[in-house]
Structure formats: C-alpha cells, structure tokens
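Worksheet for the structure shown next.
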Amino acid sequence: MKKIAFGLLSVWIVFHGLALVIMPSPQSLLVDIYGKFFGPYLSQLGMNTTWNLFSPDPAQALYGKVQLIHPKYETGEKVLLYPKSAHGKMLNPLDQRGLYFFRYMMLDPKRLEDFLVPWFCQGEEKPNEVWIQVHRLWVPNLKDLVQQHDEFEAVSNMTFEKQFYCQSEEESSQ
Amino acid sequence: MKSLQRLWSFWESFWLKPLDSRIIQIYSKIFAGILILLYSQRFLNLEFYNEKSILPDGRELELIDSALRPLWSWHWWPDSWAFFANLAFIGLCFLILIGKAPRPVALMAWFLHMGFMHRNWAAGMGVDTMVSVFLFYLSFVDLKANRGGDLLSRVMIRMSQVHLSVIYFYTGIEKFRGVSWWEGTALWTTFSNPQMTLFDLSWTHHFPLMIAVLTHVTVLFELMFLPLVWNSRTRFLILAMGLFFHLGIALFLGLWAFAAVMLVQYVLFLNNQVAKGESKDQLL
C-alpha cells in the first residue's frame with residue numbers, strides 16, 4: 001500500500017518539480033508549451049513567480065503626488081503624497097506594505113485609473129478632479145560617480161502625469 | 001534493468017530521507033514564531049484588507065497579471081472579518097509554536113495566508129510569497145516526526161529544500177539580465193534608494209570597491225547555493241555565507257522578516273546531517 005502511495009507521490013514530485021523549474025522563466029518555449037498545465041496550478045498555490053528579487057536591476061524610488069481638486073478646499077486642492085512616510089525620509093519598516101502597494105500601483109497607469117482614481121472619487125473626499133503624478137528618483141550610476149570624483153545629487157523626474165474627472169453619483173447612475 | 005532499479009532506489013533514498021524529530025520541531029516552532037511576529041504587524045495595515053481597501057472586494061484578482069492569476073480566490077471571508085481572520089491565523093501559528101498542532105492546523109493557516117494574499121496582491125511583499133511556499137510544505141508534515149516521519153512528511157520536507165535551492169538559483173540567474181549586476185554597481189542603486197534602506201547609506205559611494213565586491217559575491221552566492229548545499233562537505237560553508245548575506249539584508253534594508261523566513265529554512269538542511277529513523281526499506 002505504501003509503495004503505491006509513494007508511486008503516486010512520485011508522480012506529484014515530477015509534476016511539481018517540473019513546474020518549479022520551468023515556470024520562473026516566462027520567456028522560455030517550455031512555458032509557451034507547458035505553461036497552460038503548470039501555470040494555473042502554481043498560481044493557485046501562490047508559487048508562480050519569476051523570483052526576480054532586486055533584478056534585473058534594483059528598483060529606484062518612486063513617489064506619487066495626488067491632487068484632489070474641489071472648491072471646498074481652501075486653496076482649491078488637497079495634496080497627498082505616496083507612500084506616506086517614505087516621502088523624502090528613510091523607510092519605516094512598519095510602512096513596508098504600503099510602500100510595496102503604492103509602488104505596484106504606480107508602475108502601471110492603468111492600475112491607477114482602474115482602482116486608485118475611483119477610490120478617491122467615491123471615497124470620503126469626493127473631489128471633482130484627481131491629478132496624479134508619479135516621480136522617479138534618479139541616482140547617478142556609481143561608475144560615473146567614481147570617474148567624476150563628485151558628490152552626487154539625486155534628481156526627481158516626473159514619469160507620469162494625468163488628470164481624471166470624477167463622475168457625480170447622478171452621472172454614474174445614468 | 002539493474003540501472004533502472006538503482007535509479008529508483010536512489011530516488012526512494014533521496015525523497016524518503018528520515019526526519020530528525022528535534023530538527024522538525026525546532027524548525028516548525030521558529031517558523032511559527034516568525035510568522036506570529038511578522039503578521040502581528042498586519043493588524044497595523046488592515047486597511048489593505050478590509051472595507052477601506054482601495055481594491056474593492058470581488059475585484060482583487062483583476063490586479064494580478066493575467067499570466068499569474070489564480071483560477072479562484074482563496075479569500076472567502078467578508079472584509080469586515082479581516083481582523084478576526086488575521087487573529088485566527090496568528091492563533092493557528094501559536095498552536096504550532098507550542099507544539100499542539102495536528103497536521104490540518106498548518107494547512108488551515110496556509111489557507112488563511114493565501115486568502116490575505118489574494119485579497120490584496122499588490123500589498124504582498126517578497127516575504128509573503130516565501131511564506132506561501134514554505135507554509136504549504138509544512139502543512140503536510142507531521143510535526144512530531146516519530147520514527148523518522150511518515151511518507152508525506154519526508155517528501156514535503158525534501159521538496160521544501162529543493163524549492164529553496166531553485167529559488168536561490170533563479171534569483172541569481174535573473175540578476176544576469178541586469179547591467180548593474182554585471183557592472184558591480186547594483187548594490188549602490190539599492191543603498192541610494194531611501195525607500196529601501198533603514199538609514200542613510202549614500203556615503204557608500206566613497207567605497208566603490210566594497211560595493212563592487214559585495215554585488216558580485218551576492219550573485220555568486222545565489223548561483224552557488226544549489227550545487228554547494230547538496231554536498232555535505234560544502235553545505236556549512238554556503239549556509240554560513242547565507243547567514244551573513246541575510247543578516248546584511250535584515251540590518252541594512254530592513255527586510256528582517258524576509259531574512260528570518262529564509263534563514264529558518266536552513267534548519268532543514270541540518271536534517272541531512274543528523275537524521276536517524278526508519279530507513280526507506282523499513283518505511284515502504
């Protein structure tokens with residue numbers, strides 16, 4: 001009986017092992033062919049990932065600036081910065097989850113449009129417009145710094161900016 | 001035919017290596033302790049998982065890239081239960097910590113963990129993925145591991161070791177796609193990123209040689225983990241390197257939980273050295 005059980009386990013070992021080895025390389029032809037078997041299985045187990053930790057190159061800092069436009073604000077706008085505590089400061093370990101969340105959202109404008117903007121528009125603030133800017137903190141390459149023997153200065157570049165108009169409840173119900 | 005028999009015998013010996021009950025108990029208790037510490041912090045971040053979340057309940061899987069999207073979400077509870085779901089998860093980990101956890105306990109903890117993962121994929125960190133992996137294998141292990149453990153326990157602990165090796169290998173391979181890892185400047189990009197460091201490390205650009213060496217050693221370590229950890233003569237060398245590697249990550253980058261979850265997996269490799277119990281022939 002145990003031999004049969006181990007035989008069945010061996011089938012799983014081979015299937016699971018192949019999935020672990022093949023799926024982290026999404027460009028592979030093997031993934032094109034066998035990904036339809038292994039992909040959903042590993043995704044369901046939370047193991048379908050490319051393991052690209054700090055790679056291909058470590059990430060640079062991303063900051064988001066959100067302006068909520070509405071006459072109710074004294075200056076006509078309310079400015080929010082994301083991630084909250086990491087804006088111009090060192091990382092607070094308790095804010096890591098928020099940092100990862102907003103980074104993931106800011107990497108794709110569609111995510112901002114699909115989730116962040118509706119959340120602001122339908123949330124407590126109910127602004128008329130939402131302006132979103134994403135800034136990337138560019139730091140000189142170490143090779144350049146070594147050649148120039150210079151103190152470095154990080155430069156913040158805006159990589160995305162868009163204005164969104166919030167629909168009123170009447171408009172959205174129509 | 002004989003070579004096939006030898007191959008099958010090797011296969012059985014590899015996957016049915018007896019487990020040392022002390023090692024399994026130490027491993028499961030430390031792992032559970034880390035999970036309690038790590039996910040107690042989640043009480044401070046519940047806004048990512050409850051009614052206040054930016055992601056509406058029911059649309060959470062839309063945020064996951066279609067190639068990685070699971071067929072269904074493990075998140076089954078209403079958002080208003082997020083606090084209690086996290087409390088239940090910690091309670092289950094506590095049972096593992098005090099050694100009062102029959103096998104389904106870790107599996108229930110894994111289901112709850114996956115529920116949180118699927119509720120807000122974007123708020124998931126690298127350590128959460130590692131927990132998904134290693135808690136899954138632990139779910140099938142009899143934590144008492146009497147007489148070297150049963151069939152399923154032995155296979156799952158082995159798979160845990162294999163998976164750890166594959167992860168290191170791929171993290172090393174992935175770095176080859178980045179120019180900065182070839183240049184020896186990748187760690188500078190991390191040290192100069194205020195969102196990645198606990199304190200100001202921008203002064204490190206005055207020590208380019210140190211950064212270059214550490215960058216190259218990082219890739220070398222990750223690539224060499226797989227071949228060296230399976231060789232009993234080099235096992236402790238690579239595990240010691242890993243200890244310093246992860247301590248560095250914990251101290252400088254604040255990724256203490258990630259470091260802890262990875263390092264506790266090393267305990268399982270001690271089993272390869274000391275395990276005594278029923279041989280595979282006695283077991284089968």
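Following the order of the structure tokens, chains are lettered A, B, ..., residues in each are numbered from 1, and ligands are numbered from 1.
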>> With DSSP run on the backbone, what are the strand (DSSP E) residues within stretch 4-169 of chain A? I'd like them as a ChimeraX atom specification.
In response: /A:62-69,77-82,129-138,155-165
>> Set the distance at 8 Å and use only C-alpha atoms: which residues neighbour B:Ile24 once local chain neighbours fewer than 5 positions away are removed? I'd like the list as a PyMOL selection string.
In response: chain B and resi 19+143-145+268
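Across A:Met47, A:Phe37, A:Gln147, A:His16, the tightest approach to B:Val131 is made by A:Met47 when counting only C-alpha atoms.
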For B:Leu243, list every protein, DNA or RNA residue within 7 Å, evaluated using only C-alpha atoms, and leave out those in the same chain fewer than 4 positions away; present the list as an mmCIF file with C-alpha atoms, in the first residue's frame.
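Heads up, here's the output in part-v5.cif:
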data_model
loop_
_atom_site.group_PDB
_atom_site.id
_atom_site.type_symbol
_atom_site.label_atom_id
_atom_site.label_comp_id
_atom_site.auth_asym_id
_atom_site.auth_seq_id
_atom_site.Cartn_x
_atom_site.Cartn_y
_atom_site.Cartn_z
ATOM 1 C CA LEU B 239 24.856 28.118 4.802
ATOM 2 C CA LEU B 247 21.810 39.318 8.204
ATOM 3 C CA LEU B 263 17.268 31.569 7.345
#
List as a short mmCIF file (atom, residue, chain, number, x, y, z; two decimals) with all heavy atoms, in the first residue's frame the protein and nucleic acid residues near stretch 69-82 of chain A, meaning an atom at most 12 Å away when only C-alpha atoms are counted, but skip any in the same chain fewer than 3 places from it.
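Output file around_22.cif follows:
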data_model
loop_
_atom_site.label_atom_id
_atom_site.label_comp_id
_atom_site.auth_asym_id
_atom_site.auth_seq_id
_atom_site.Cartn_x
_atom_site.Cartn_y
_atom_site.Cartn_z
N ALA A 61 13.63 54.67 -6.37
CA ALA A 61 12.48 55.12 -5.57
C ALA A 61 11.40 55.75 -6.45
O ALA A 61 11.70 56.48 -7.39
CB ALA A 61 12.96 56.13 -4.53
N LEU A 62 10.16 55.43 -6.14
CA LEU A 62 9.01 56.02 -6.84
C LEU A 62 8.16 56.79 -5.84
O LEU A 62 7.92 56.30 -4.73
CB LEU A 62 8.13 54.92 -7.45
CG LEU A 62 8.47 54.32 -8.80
CD1 LEU A 62 7.35 53.39 -9.23
CD2 LEU A 62 8.70 55.38 -9.85
N TYR A 63 7.72 57.96 -6.24
CA TYR A 63 6.85 58.75 -5.38
C TYR A 63 5.61 59.14 -6.16
O TYR A 63 5.68 59.43 -7.34
CB TYR A 63 7.54 60.03 -4.91
CG TYR A 63 8.79 59.77 -4.11
CD1 TYR A 63 10.05 59.96 -4.68
CD2 TYR A 63 8.70 59.34 -2.80
CE1 TYR A 63 11.20 59.71 -3.95
CE2 TYR A 63 9.84 59.09 -2.07
CZ TYR A 63 11.10 59.28 -2.64
OH TYR A 63 12.21 59.03 -1.92
N GLY A 64 4.49 59.16 -5.49
CA GLY A 64 3.24 59.60 -6.13
C GLY A 64 2.74 60.87 -5.47
O GLY A 64 2.83 61.04 -4.26
N LYS A 65 2.24 61.79 -6.31
CA LYS A 65 1.62 63.01 -5.79
C LYS A 65 0.19 63.04 -6.32
O LYS A 65 -0.03 62.95 -7.52
CB LYS A 65 2.40 64.23 -6.27
CG LYS A 65 1.86 65.55 -5.76
CD LYS A 65 2.71 66.69 -6.30
CE LYS A 65 2.12 68.03 -5.88
NZ LYS A 65 2.83 69.14 -6.52
N VAL A 66 -0.75 63.11 -5.40
CA VAL A 66 -2.16 63.13 -5.79
C VAL A 66 -2.76 64.47 -5.37
O VAL A 66 -2.63 64.88 -4.21
CB VAL A 66 -2.94 61.98 -5.11
CG1 VAL A 66 -4.41 62.03 -5.49
CG2 VAL A 66 -2.35 60.64 -5.50
N SER A 85 5.03 57.73 4.49
CA SER A 85 6.17 58.04 5.34
C SER A 85 7.49 58.03 4.58
O SER A 85 8.48 58.55 5.07
CB SER A 85 6.25 57.04 6.48
OG SER A 85 6.60 55.80 5.95
N ALA A 86 7.50 57.44 3.41
CA ALA A 86 8.79 57.31 2.71
C ALA A 86 9.08 58.50 1.81
O ALA A 86 10.03 58.48 1.05
CB ALA A 86 8.79 56.02 1.88
N HIS A 87 8.26 59.54 1.90
CA HIS A 87 8.47 60.68 1.01
C HIS A 87 9.57 61.56 1.58
O HIS A 87 9.35 62.39 2.47
CB HIS A 87 7.17 61.45 0.85
CG HIS A 87 7.11 62.17 -0.45
ND1 HIS A 87 6.55 61.63 -1.58
CD2 HIS A 87 7.60 63.38 -0.81
CE1 HIS A 87 6.68 62.49 -2.57
NE2 HIS A 87 7.30 63.56 -2.13
N GLY A 88 10.75 61.40 1.04
CA GLY A 88 11.88 62.21 1.48
C GLY A 88 12.48 61.75 2.79
O GLY A 88 13.35 62.38 3.35
N LYS A 89 11.99 60.62 3.31
CA LYS A 89 12.54 60.10 4.56
C LYS A 89 13.03 58.68 4.34
O LYS A 89 12.79 58.09 3.30
CB LYS A 89 11.44 60.06 5.64
CG LYS A 89 10.89 61.41 6.02
CD LYS A 89 9.78 61.18 7.04
CE LYS A 89 8.97 62.45 7.25
NZ LYS A 89 7.74 62.17 7.98
N ASP A 95 5.84 50.54 7.54
CA ASP A 95 5.14 51.05 6.35
C ASP A 95 5.51 50.29 5.08
O ASP A 95 5.13 50.70 3.99
CB ASP A 95 5.46 52.53 6.14
CG ASP A 95 4.88 53.39 7.25
OD1 ASP A 95 3.84 52.98 7.80
OD2 ASP A 95 5.46 54.43 7.56
N GLY A 98 2.60 49.28 2.71
CA GLY A 98 2.06 50.43 1.97
C GLY A 98 3.00 50.85 0.85
O GLY A 98 2.57 51.18 -0.25
N LEU A 99 4.28 50.80 1.15
CA LEU A 99 5.28 51.16 0.14
C LEU A 99 5.18 50.23 -1.08
O LEU A 99 5.14 50.68 -2.22
CB LEU A 99 6.67 51.06 0.76
CG LEU A 99 7.86 51.28 -0.14
CD1 LEU A 99 7.97 52.76 -0.49
CD2 LEU A 99 9.15 50.82 0.52
N TYR A 100 5.10 48.94 -0.80
CA TYR A 100 5.01 47.96 -1.89
C TYR A 100 3.71 48.14 -2.67
O TYR A 100 3.68 48.04 -3.89
CB TYR A 100 5.08 46.53 -1.33
CG TYR A 100 6.48 46.05 -1.05
CD1 TYR A 100 7.24 46.62 -0.02
CD2 TYR A 100 7.07 45.04 -1.79
CE1 TYR A 100 8.53 46.20 0.25
CE2 TYR A 100 8.37 44.61 -1.53
CZ TYR A 100 9.08 45.19 -0.50
OH TYR A 100 10.36 44.76 -0.25
N PHE A 101 2.63 48.41 -1.93
CA PHE A 101 1.34 48.56 -2.58
C PHE A 101 1.35 49.73 -3.56
O PHE A 101 0.99 49.58 -4.73
CB PHE A 101 0.23 48.76 -1.52
CG PHE A 101 -1.11 49.00 -2.12
CD1 PHE A 101 -1.87 47.95 -2.60
CD2 PHE A 101 -1.61 50.29 -2.25
CE1 PHE A 101 -3.10 48.16 -3.18
CE2 PHE A 101 -2.85 50.52 -2.82
CZ PHE A 101 -3.59 49.45 -3.29
N PHE A 102 1.76 50.90 -3.07
CA PHE A 102 1.71 52.06 -3.94
C PHE A 102 2.73 51.97 -5.07
O PHE A 102 2.50 52.45 -6.17
CB PHE A 102 1.88 53.35 -3.13
CG PHE A 102 0.64 53.68 -2.36
CD1 PHE A 102 0.58 53.48 -0.99
CD2 PHE A 102 -0.49 54.12 -3.02
CE1 PHE A 102 -0.59 53.74 -0.29
CE2 PHE A 102 -1.67 54.38 -2.32
CZ PHE A 102 -1.72 54.19 -0.96
N ARG A 103 3.83 51.33 -4.81
CA ARG A 103 4.80 51.13 -5.88
C ARG A 103 4.19 50.28 -7.00
O ARG A 103 4.29 50.61 -8.18
CB ARG A 103 6.05 50.45 -5.31
CG ARG A 103 7.10 50.24 -6.33
CD ARG A 103 8.39 49.68 -5.84
NE ARG A 103 9.24 49.61 -7.02
CZ ARG A 103 9.93 50.61 -7.48
NH1 ARG A 103 9.94 51.76 -6.87
NH2 ARG A 103 10.64 50.50 -8.59
N TYR A 104 3.55 49.19 -6.61
CA TYR A 104 2.91 48.30 -7.59
C TYR A 104 1.86 49.06 -8.39
O TYR A 104 1.75 48.92 -9.61
CB TYR A 104 2.28 47.11 -6.85
CG TYR A 104 1.72 46.03 -7.76
CD1 TYR A 104 2.55 45.08 -8.34
CD2 TYR A 104 0.36 45.96 -8.01
CE1 TYR A 104 2.03 44.09 -9.16
CE2 TYR A 104 -0.16 44.98 -8.83
CZ TYR A 104 0.67 44.04 -9.40
OH TYR A 104 0.16 43.06 -10.21
N MET A 105 1.09 49.89 -7.71
CA MET A 105 0.05 50.66 -8.40
C MET A 105 0.66 51.68 -9.36
O MET A 105 0.18 51.86 -10.48
CB MET A 105 -0.83 51.40 -7.38
CG MET A 105 -1.57 50.52 -6.41
SD MET A 105 -2.71 49.37 -7.20
CE MET A 105 -4.11 50.42 -7.48
N MET A 106 1.73 52.33 -8.92
CA MET A 106 2.31 53.42 -9.72
C MET A 106 3.08 52.91 -10.93
O MET A 106 3.36 53.66 -11.85
CB MET A 106 3.23 54.28 -8.84
CG MET A 106 2.45 55.15 -7.87
SD MET A 106 3.47 56.32 -6.96
CE MET A 106 4.36 55.28 -5.84
N LEU A 116 -7.22 53.34 -8.14
CA LEU A 116 -6.91 54.47 -7.25
C LEU A 116 -7.87 55.64 -7.49
O LEU A 116 -8.41 56.21 -6.53
CB LEU A 116 -5.46 54.91 -7.45
CG LEU A 116 -4.85 55.69 -6.29
CD1 LEU A 116 -4.74 54.83 -5.04
CD2 LEU A 116 -3.46 56.23 -6.66
N PHE A 120 -10.60 57.42 -4.83
CA PHE A 120 -10.61 58.82 -4.41
C PHE A 120 -11.97 59.47 -4.74
O PHE A 120 -12.54 60.18 -3.93
CB PHE A 120 -9.49 59.61 -5.10
CG PHE A 120 -8.17 59.44 -4.42
CD1 PHE A 120 -7.09 58.87 -5.10
CD2 PHE A 120 -7.97 59.85 -3.11
CE1 PHE A 120 -5.87 58.71 -4.48
CE2 PHE A 120 -6.75 59.70 -2.48
CZ PHE A 120 -5.70 59.12 -3.17
N CYS A 121 -12.43 59.22 -5.97
CA CYS A 121 -13.67 59.88 -6.42
C CYS A 121 -14.87 59.47 -5.58
O CYS A 121 -15.73 60.28 -5.28
CB CYS A 121 -13.93 59.55 -7.89
SG CYS A 121 -12.79 60.38 -9.02
N GLU A 125 -13.65 62.06 0.35
CA GLU A 125 -13.31 63.41 -0.12
C GLU A 125 -14.24 63.89 -1.24
O GLU A 125 -14.55 65.06 -1.33
CB GLU A 125 -11.86 63.43 -0.61
CG GLU A 125 -10.85 63.03 0.46
CD GLU A 125 -10.60 64.14 1.47
OE1 GLU A 125 -11.05 65.27 1.23
OE2 GLU A 125 -9.96 63.87 2.50
N LYS A 126 -14.64 62.99 -2.12
CA LYS A 126 -15.50 63.32 -3.27
C LYS A 126 -15.03 64.56 -4.05
O LYS A 126 -15.77 65.56 -4.15
CB LYS A 126 -16.95 63.51 -2.82
CG LYS A 126 -17.54 62.28 -2.14
CD LYS A 126 -18.86 61.90 -2.76
CE LYS A 126 -19.44 60.60 -2.28
NZ LYS A 126 -18.78 59.77 -1.35
N PRO A 127 -13.82 64.52 -4.57
CA PRO A 127 -13.34 65.68 -5.35
C PRO A 127 -13.99 65.73 -6.73
O PRO A 127 -14.62 64.76 -7.16
CB PRO A 127 -11.84 65.38 -5.48
CG PRO A 127 -11.76 63.91 -5.45
CD PRO A 127 -12.86 63.42 -4.58
N ASN A 128 -13.82 66.87 -7.41
CA ASN A 128 -14.30 66.97 -8.80
C ASN A 128 -13.28 66.36 -9.77
O ASN A 128 -13.66 65.79 -10.79
CB ASN A 128 -14.52 68.43 -9.18
CG ASN A 128 -15.66 69.04 -8.39
OD1 ASN A 128 -16.54 68.31 -7.94
ND2 ASN A 128 -15.64 70.34 -8.21
N GLU A 129 -12.03 66.58 -9.42
CA GLU A 129 -10.94 66.08 -10.29
C GLU A 129 -9.86 65.46 -9.43
O GLU A 129 -9.69 65.83 -8.27
CB GLU A 129 -10.28 67.23 -11.06
CG GLU A 129 -11.16 67.93 -12.05
CD GLU A 129 -10.49 69.22 -12.53
OE1 GLU A 129 -9.26 69.22 -12.72
OE2 GLU A 129 -11.20 70.22 -12.70
N VAL A 130 -9.12 64.55 -10.05
CA VAL A 130 -7.94 63.97 -9.39
C VAL A 130 -6.76 64.09 -10.35
O VAL A 130 -6.85 63.66 -11.50
CB VAL A 130 -8.17 62.46 -9.05
CG1 VAL A 130 -6.92 61.87 -8.41
CG2 VAL A 130 -9.37 62.28 -8.15
N TRP A 131 -5.71 64.74 -9.89
CA TRP A 131 -4.47 64.82 -10.67
C TRP A 131 -3.48 63.84 -10.06
O TRP A 131 -3.26 63.87 -8.85
CB TRP A 131 -3.84 66.22 -10.56
CG TRP A 131 -4.36 67.23 -11.54
CD1 TRP A 131 -5.47 67.99 -11.40
CD2 TRP A 131 -3.76 67.58 -12.78
NE1 TRP A 131 -5.61 68.81 -12.48
CE2 TRP A 131 -4.57 68.59 -13.36
CE3 TRP A 131 -2.63 67.16 -13.48
CZ2 TRP A 131 -4.29 69.18 -14.58
CZ3 TRP A 131 -2.34 67.75 -14.69
CH2 TRP A 131 -3.17 68.74 -15.24
N ILE A 132 -2.87 63.04 -10.88
CA ILE A 132 -1.86 62.11 -10.35
C ILE A 132 -0.54 62.32 -11.07
O ILE A 132 -0.49 62.41 -12.30
CB ILE A 132 -2.31 60.63 -10.51
CG1 ILE A 132 -3.58 60.39 -9.69
CG2 ILE A 132 -1.21 59.68 -10.06
CD1 ILE A 132 -4.08 58.97 -9.72
N GLN A 133 0.50 62.44 -10.29
CA GLN A 133 1.87 62.50 -10.84
C GLN A 133 2.69 61.36 -10.21
O GLN A 133 2.53 61.08 -9.02
CB GLN A 133 2.55 63.81 -10.48
CG GLN A 133 1.96 65.03 -11.14
CD GLN A 133 2.66 66.30 -10.67
OE1 GLN A 133 3.52 66.27 -9.81
NE2 GLN A 133 2.26 67.41 -11.25
N VAL A 134 3.53 60.77 -11.02
CA VAL A 134 4.48 59.77 -10.50
C VAL A 134 5.89 60.29 -10.77
O VAL A 134 6.20 60.72 -11.88
CB VAL A 134 4.27 58.39 -11.16
CG1 VAL A 134 5.32 57.40 -10.67
CG2 VAL A 134 2.88 57.86 -10.89
N HIS A 135 6.70 60.31 -9.73
CA HIS A 135 8.08 60.78 -9.85
C HIS A 135 9.03 59.63 -9.56
O HIS A 135 8.78 58.83 -8.66
CB HIS A 135 8.35 61.91 -8.85
CG HIS A 135 7.52 63.13 -9.10
ND1 HIS A 135 8.00 64.23 -9.74
CD2 HIS A 135 6.23 63.40 -8.80
CE1 HIS A 135 7.04 65.14 -9.83
NE2 HIS A 135 5.95 64.65 -9.26
N GLN A 163 -4.74 63.88 -15.55
CA GLN A 163 -5.87 64.48 -14.85
C GLN A 163 -7.10 63.59 -15.08
O GLN A 163 -7.37 63.19 -16.22
CB GLN A 163 -6.12 65.86 -15.42
CG GLN A 163 -7.28 66.62 -14.81
CD GLN A 163 -7.48 67.95 -15.53
OE1 GLN A 163 -7.04 68.12 -16.65
NE2 GLN A 163 -8.15 68.87 -14.87
N PHE A 164 -7.80 63.30 -14.02
CA PHE A 164 -9.01 62.48 -14.14
C PHE A 164 -10.20 63.27 -13.61
O PHE A 164 -10.09 63.93 -12.57
CB PHE A 164 -8.88 61.19 -13.32
CG PHE A 164 -7.72 60.33 -13.72
CD1 PHE A 164 -6.47 60.47 -13.11
CD2 PHE A 164 -7.85 59.36 -14.71
CE1 PHE A 164 -5.40 59.69 -13.47
CE2 PHE A 164 -6.78 58.57 -15.07
CZ PHE A 164 -5.55 58.73 -14.45
N TYR A 165 -11.31 63.19 -14.30
CA TYR A 165 -12.53 63.87 -13.84
C TYR A 165 -13.41 62.84 -13.16
O TYR A 165 -13.66 61.76 -13.70
CB TYR A 165 -13.27 64.50 -15.02
CG TYR A 165 -12.50 65.65 -15.62
CD1 TYR A 165 -11.71 65.46 -16.76
CD2 TYR A 165 -12.53 66.91 -15.04
CE1 TYR A 165 -10.98 66.50 -17.30
CE2 TYR A 165 -11.80 67.96 -15.57
CZ TYR A 165 -11.03 67.75 -16.71
OH TYR A 165 -10.30 68.78 -17.22
N CYS A 166 -13.90 63.21 -11.97
CA CYS A 166 -14.77 62.28 -11.24
C CYS A 166 -16.21 62.47 -11.73
O CYS A 166 -16.65 63.61 -11.92
CB CYS A 166 -14.73 62.57 -9.75
SG CYS A 166 -13.12 62.30 -9.02
N GLN B 195 13.86 54.48 -0.11
CA GLN B 195 12.71 53.61 0.16
C GLN B 195 13.14 52.17 0.45
O GLN B 195 12.31 51.31 0.73
CB GLN B 195 11.74 53.62 -1.02
CG GLN B 195 11.06 54.96 -1.21
CD GLN B 195 10.11 54.98 -2.40
OE1 GLN B 195 10.17 54.13 -3.27
NE2 GLN B 195 9.26 55.99 -2.45
#
> In Å to one decimal, how far is atom CA of A:Asp114 from atom CA of B:Glu60?
Replying inline: 11.5 Å
> Nearest to A:Ile13 among B:Trp15, B:Phe134, B:Gly184, B:Ala101, with distances taken over only C-alpha atoms: which residue is it?
Replying inline: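 Smallest separation from A:Ile13 among the options: B:Trp15.
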>> With distances taken over only C-alpha atoms, which residue among A:Phe6, A:Val155, A:Gln122, A:Met23 lies nearest A:Asn48?
In response: A:Met23
> With only C-alpha atoms as the basis for distance, which of A:Gly123, A:Asn52, A:Glu161, A:Gly46 is at the shortest distance from A:Pro26?
Replying inline: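 Of all the options, A:Asn52 lies closest to A:Pro26.
When atom CA of B:Tyr168 is paired with atom CA of B:Glu222, their separation reads 5.0 Å.
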